[in-house]
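Input: a single structure, listed below in C-alpha cells.
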There are 2 protein chains.
Amino acid sequence: MSFPPRYRSRADVSGAESRAKAVQAAIELFAASGYKGTSIARVAERTGLSQSGLLHHFPSKAALLSAVLEARDAEDGEFLSAGGDAPMGWAAFDSLAALVARNSTRPQLVGLYVRVSAEAVEPGHPAHEWLRSHYANVEAWLTDAVRVGQEQGEIRSDAPVDALVRTTIAVLDGLQQQWLLNPGGVSMPKLFNAHVQGLRAQWSSAAEPPPR
Amino acid sequence: MSFPPRYRSRADVSGAESRAKAVQAAIELFAASGYKGTSIARVAERTGLSQSGLLHHFPSKAALLSAVLEARDAEDGEFLSAGGDAPMGWAAFDSLAALVARNSTRPQLVGLYVRVSAEAVEPGHPAHEWLRSHYANVEAWLTDAVRVGQEQGEIRSDAPVDALVRTTIAVLDGLQQQWLLNPGGVSMPKLFNAHVQGLRAQWSSAAEPPPR
DNA sequence: GTCTATATTTCGATAGAC
DNA sequence: GTCTATCGAAATATAGAC
C-alpha cells in the first residue's frame, strides 16, 4: 500500500529532512566523542549545512541533544512495548535480553548512551534530568515486573527485589562499556543471558532445583 | 621511627608540593566534569597557581591526566595487594567486595573513574590505552583467580569462567554509575555482595546446595 | 618555580542578507 | 530555510621576565 506524496512546499521538504539528517549526524558524533567533545560546527558539516543553518533548526546545542535523546527513547521504547503490554515476571528479563541482542548490532546507539550517561551524572549537564528519569523509569518497570512475578508465584517471595533490579541494570550498563571497548571479544547477549540464568536458577520458585 | 628531614632547597619543597596539589585538584575536577569538561585554567586556580605555573609541572593537559591516573592506580593497586599475594578463588571476589566498600566512601575516585572510562572509549583519547590495559589487567587477574579456584576444587569445573569474570566487572562498573547518580539510595557494597552471593550459590562445588 | 603577556584556535551564538 | 559575517568568551599552549 502506497500513498501519493501529498503536496509539500519546497521549504517544507528540506526543512524536515535537514532536521532528521542533523539528528542522525549528532547521534553519530555524540556516540564517538561525547556531547562536550563534539562541536555544533562538526555536526553541521556532517549534516551538509553551515553552522548557522543547523542552529536555525535547533536554537542551541542543548536543544540538539534533547532531540537526539528523544529520538533514542522513541526507538527503545517502541521496541520494548512492541508486543503490547509490558512483560512481567521473568518475561521482563527476557525482553531485556532481546533489547541487548538488538543493541549488540547498534554500536552507535550504545556509544551514545554510554557516553552521554557518564557525562550527565554531573548535576548541571543538559541531559542530567533525562538520565535521572531514564533510570527511574527502568527501575520502576523492572521492580514492578519482579513484584508481579512474586505475586504470580513465579519468583520466590523472599527474593531481594532491589538487588535483582539494580544488579541487572548494572550488568546491562557495564556490559555496554566493555563491548564498546572490545566489540569482537565481548558478546553482550551471551553474557547478559548468563546473568539472567543465574538469577532464575537462584530465585525461581516453581522450577526444579538447578542441576548440580 | 622517624627520620630527620633531609635538606631541601626552597624551590625543591614547593615544587613537589605544587605538583601534588595540582594532581589532587585535577582529580576533583575531572571527577566532577570529566577530562574534556575541565580546563587547565580551573585546575590551576584550584591549585593556587597561574595557568602557566601549572603547565610548568605538566607540559600538557594530557600529561596532567597521566599523572592523575597514575595516582589513582597507585591507590587501588596498593589496596588490592595489601594482604601480600593476590587472593585466588572466591577470596578474589571478597577482596573486590572490600574494594567496593572502600570506594563507597570515595565518591571522587569513583567519579574520576566513571567519567574518564566513558570518555576514553574513544580511540584517540589520551586515556584510551590506560583504559584498555586497566580492563586487561582486571580481567586477567580475575580469570586467573577463578581458574585457580577450579583447580583447588572450590569452584565448579563447569563454571563459565568468562561469564563470571565479565558480568562481575560489569556489576562493578554499573553500580558505580548508579551510585554516583543516587548516592543515598544505592548501597554499592550490599548490591555487589548480593551478586557475589548469587555466584557462590550457583557455582561453589563443595558447599551444600543453596537453601530453598 | 612562578608569573604576565600573548599567540592561536575553536567554541556557541547572533545579526542580517537572500 | 540557508547562508556569510562577526562577536565575545574560553580553550591550550608558548615566550620571556623575575
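In the C-alpha cells, the first chain shown is A, the next is B, and so on; residue numbers restart at 1 for each chain, and ligands run from 1 in the order shown.
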Chain A on chain B, all Cα pairs in order, RMSD: 0.3 Å
With only C-alpha atoms (C1' of nucleotides) as the counted atoms, please give the residues lying no more than 10 Å from C:DT14, apart from itself and same-chain residues fewer than 3 positions off, as an mmCIF file with all heavy atoms, in the first residue's frame.
data_model
loop_
_atom_site.group_PDB
_atom_site.id
_atom_site.type_symbol
_atom_site.label_atom_id
_atom_site.label_comp_id
_atom_site.auth_asym_id
_atom_site.auth_seq_id
_atom_site.Cartn_x
_atom_site.Cartn_y
_atom_site.Cartn_z
ATOM 1 N N SER A 52 25.265 28.040 11.117
ATOM 2 C CA SER A 52 24.057 28.832 11.341
ATOM 3 C C SER A 52 22.822 28.134 10.796
ATOM 4 O O SER A 52 21.738 28.238 11.375
ATOM 5 C CB SER A 52 24.189 30.201 10.683
ATOM 6 O OG SER A 52 25.337 30.855 11.148
ATOM 7 P P DT D 6 32.992 40.631 8.433
ATOM 8 O OP1 DT D 6 33.187 42.062 8.116
ATOM 9 O OP2 DT D 6 34.050 39.632 8.154
ATOM 10 O "O5'" DT D 6 32.590 40.524 9.971
ATOM 11 C "C5'" DT D 6 31.265 40.898 10.358
ATOM 12 C "C4'" DT D 6 31.014 40.452 11.780
ATOM 13 O "O4'" DT D 6 30.576 39.059 11.814
ATOM 14 C "C3'" DT D 6 32.250 40.508 12.701
ATOM 15 O "O3'" DT D 6 31.987 41.378 13.763
ATOM 16 C "C2'" DT D 6 32.439 39.074 13.163
ATOM 17 C "C1'" DT D 6 31.032 38.516 13.040
ATOM 18 N N1 DT D 6 30.947 37.029 12.969
ATOM 19 C C2 DT D 6 30.075 36.371 13.804
ATOM 20 O O2 DT D 6 29.360 36.942 14.604
ATOM 21 N N3 DT D 6 30.067 35.006 13.680
ATOM 22 C C4 DT D 6 30.842 34.252 12.815
ATOM 23 O O4 DT D 6 30.749 33.032 12.791
ATOM 24 C C5 DT D 6 31.735 34.994 11.970
ATOM 25 C C7 DT D 6 32.616 34.276 10.993
ATOM 26 C C6 DT D 6 31.749 36.341 12.085
ATOM 27 P P DC D 7 33.176 41.849 14.752
ATOM 28 O OP1 DC D 7 33.569 43.193 14.300
ATOM 29 O OP2 DC D 7 34.215 40.805 14.853
ATOM 30 O "O5'" DC D 7 32.431 41.957 16.152
ATOM 31 C "C5'" DC D 7 30.992 41.834 16.198
ATOM 32 C "C4'" DC D 7 30.600 41.010 17.423
ATOM 33 O "O4'" DC D 7 30.487 39.607 17.083
ATOM 34 C "C3'" DC D 7 31.613 41.117 18.558
ATOM 35 O "O3'" DC D 7 30.972 41.630 19.709
ATOM 36 C "C2'" DC D 7 32.137 39.682 18.734
ATOM 37 C "C1'" DC D 7 31.028 38.830 18.127
ATOM 38 N N1 DC D 7 31.504 37.542 17.527
ATOM 39 C C2 DC D 7 31.003 36.313 17.998
ATOM 40 O O2 DC D 7 30.180 36.315 18.929
ATOM 41 N N3 DC D 7 31.438 35.160 17.429
ATOM 42 C C4 DC D 7 32.329 35.206 16.437
ATOM 43 N N4 DC D 7 32.717 34.045 15.902
ATOM 44 C C5 DC D 7 32.853 36.437 15.938
ATOM 45 C C6 DC D 7 32.426 37.564 16.504
#
Close residues, C:DA7 itself excluded, 12 Å, only C-alpha atoms (C1' of nucleotides), min 5 positions apart in chain, as a ChimeraX atom specification: /D:12-15
Those in chain B with alpha helix (DSSP H) from DSSP, as a ChimeraX atom specification: /B:10-33,40-47,51-57,61-80,90-103,107-119,128-151,161-181,188-203
Contacts of B:His125 at 12 Å (only C-alpha atoms (C1' of nucleotides); same-chain gap of 2+ positions) as a PyMOL selection string: (chain A and resi 32-34+37) or (chain B and resi 35-36+61-62+65-66+116-123+127-132)
Residue neighbourhood stretch 174-181 of chain A, 8 Å, only C-alpha atoms (C1' of nucleotides), exclusion window fewer than 3 positions, as a PyMOL selection string: (chain A and resi 107+110-111+114+170-171+184-188+191-192) or (chain B and resi 118+121+132+166-167+169-174)
For chain D, list the residues within 10 Å of chain A, counting only C-alpha atoms (C1' of nucleotides), and write the list as a compact mmCIF listing (two decimals) with C-alpha atoms (C1' of nucleotides), in the first residue's frame.
# COMPACT_ATOMS: atom_id res chain seq x y z
C1' DG D 1 15.48 27.74 5.19
C1' DT D 2 20.10 28.76 4.43
C1' DC D 3 23.94 31.49 4.04
C1' DT D 4 28.06 34.94 5.18
Taking a cut-off of 8 Å and counting only C-alpha atoms (C1' of nucleotides), can you build a table that, for each residue of chain C near chain B, reports the nearest atom pair and how far apart they are in Å (one decimal), sorted by chain then residue number, as a tab-separated table?
residue	atom	partner	partner_atom	distance
C:DG1	C1'	B:Ala11	CA	6.4
C:DT2	C1'	B:Gly53	CA	5.4
C:DC3	C1'	B:Gly53	CA	7.3
Convert the current residue selection to file output with all heavy atoms, as an mmCIF file, in the first residue's frame.
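Output (again.cif):
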data_model
loop_
_atom_site.group_PDB
_atom_site.id
_atom_site.type_symbol
_atom_site.label_atom_id
_atom_site.label_comp_id
_atom_site.auth_asym_id
_atom_site.auth_seq_id
_atom_site.Cartn_x
_atom_site.Cartn_y
_atom_site.Cartn_z
ATOM 1 P P DG C 1 60.776 23.072 39.882
ATOM 2 O OP1 DG C 1 60.623 22.207 40.938
ATOM 3 O OP2 DG C 1 60.699 23.109 38.491
ATOM 4 O "O5'" DG C 1 60.845 24.607 40.430
ATOM 5 C "C5'" DG C 1 60.512 24.909 41.756
ATOM 6 C "C4'" DG C 1 59.645 26.129 41.815
ATOM 7 O "O4'" DG C 1 60.259 27.220 41.057
ATOM 8 C "C3'" DG C 1 58.246 25.942 41.221
ATOM 9 O "O3'" DG C 1 57.340 26.587 42.104
ATOM 10 C "C2'" DG C 1 58.313 26.633 39.864
ATOM 11 C "C1'" DG C 1 59.334 27.735 40.116
ATOM 12 N N9 DG C 1 60.111 28.120 38.923
ATOM 13 C C8 DG C 1 60.682 27.304 37.994
ATOM 14 N N7 DG C 1 61.315 27.964 37.057
ATOM 15 C C5 DG C 1 61.150 29.313 37.394
ATOM 16 C C6 DG C 1 61.597 30.494 36.750
ATOM 17 O O6 DG C 1 62.267 30.604 35.709
ATOM 18 N N1 DG C 1 61.196 31.642 37.435
ATOM 19 C C2 DG C 1 60.466 31.620 38.594
ATOM 20 N N2 DG C 1 60.172 32.820 39.115
ATOM 21 N N3 DG C 1 60.038 30.539 39.201
ATOM 22 C C4 DG C 1 60.408 29.414 38.547
ATOM 23 P P DT C 2 55.805 26.552 41.990
ATOM 24 O OP1 DT C 2 55.246 26.547 43.366
ATOM 25 O OP2 DT C 2 55.487 25.449 41.059
ATOM 26 O "O5'" DT C 2 55.428 27.934 41.325
ATOM 27 C "C5'" DT C 2 55.658 29.136 42.055
ATOM 28 C "C4'" DT C 2 55.516 30.325 41.132
ATOM 29 O "O4'" DT C 2 56.570 30.313 40.135
ATOM 30 C "C3'" DT C 2 54.215 30.381 40.332
ATOM 31 O "O3'" DT C 2 53.305 31.256 40.964
ATOM 32 C "C2'" DT C 2 54.646 30.881 38.944
ATOM 33 C "C1'" DT C 2 56.129 31.165 39.104
ATOM 34 N N1 DT C 2 56.929 30.886 37.877
ATOM 35 C C2 DT C 2 57.502 31.926 37.203
ATOM 36 O O2 DT C 2 57.399 33.083 37.536
ATOM 37 N N3 DT C 2 58.207 31.560 36.074
ATOM 38 C C4 DT C 2 58.393 30.280 35.586
ATOM 39 O O4 DT C 2 59.043 30.103 34.571
ATOM 40 C C5 DT C 2 57.762 29.233 36.340
ATOM 41 C C7 DT C 2 57.889 27.811 35.895
ATOM 42 C C6 DT C 2 57.065 29.576 37.444
ATOM 43 P P DC C 3 51.927 31.627 40.238
ATOM 44 O OP1 DC C 3 50.999 32.066 41.298
ATOM 45 O OP2 DC C 3 51.561 30.511 39.351
ATOM 46 O "O5'" DC C 3 52.305 32.891 39.336
ATOM 47 C "C5'" DC C 3 52.773 34.075 39.973
ATOM 48 C "C4'" DC C 3 53.280 35.058 38.934
ATOM 49 O "O4'" DC C 3 54.364 34.440 38.192
ATOM 50 C "C3'" DC C 3 52.242 35.439 37.880
ATOM 51 O "O3'" DC C 3 51.575 36.630 38.257
ATOM 52 C "C2'" DC C 3 53.081 35.665 36.629
ATOM 53 C "C1'" DC C 3 54.404 34.971 36.884
ATOM 54 N N1 DC C 3 54.668 33.838 35.943
ATOM 55 C C2 DC C 3 55.473 34.061 34.820
ATOM 56 O O2 DC C 3 55.942 35.189 34.630
ATOM 57 N N3 DC C 3 55.713 33.038 33.969
ATOM 58 C C4 DC C 3 55.191 31.823 34.213
ATOM 59 N N4 DC C 3 55.466 30.842 33.356
ATOM 60 C C5 DC C 3 54.378 31.581 35.349
ATOM 61 C C6 DC C 3 54.125 32.609 36.181
#
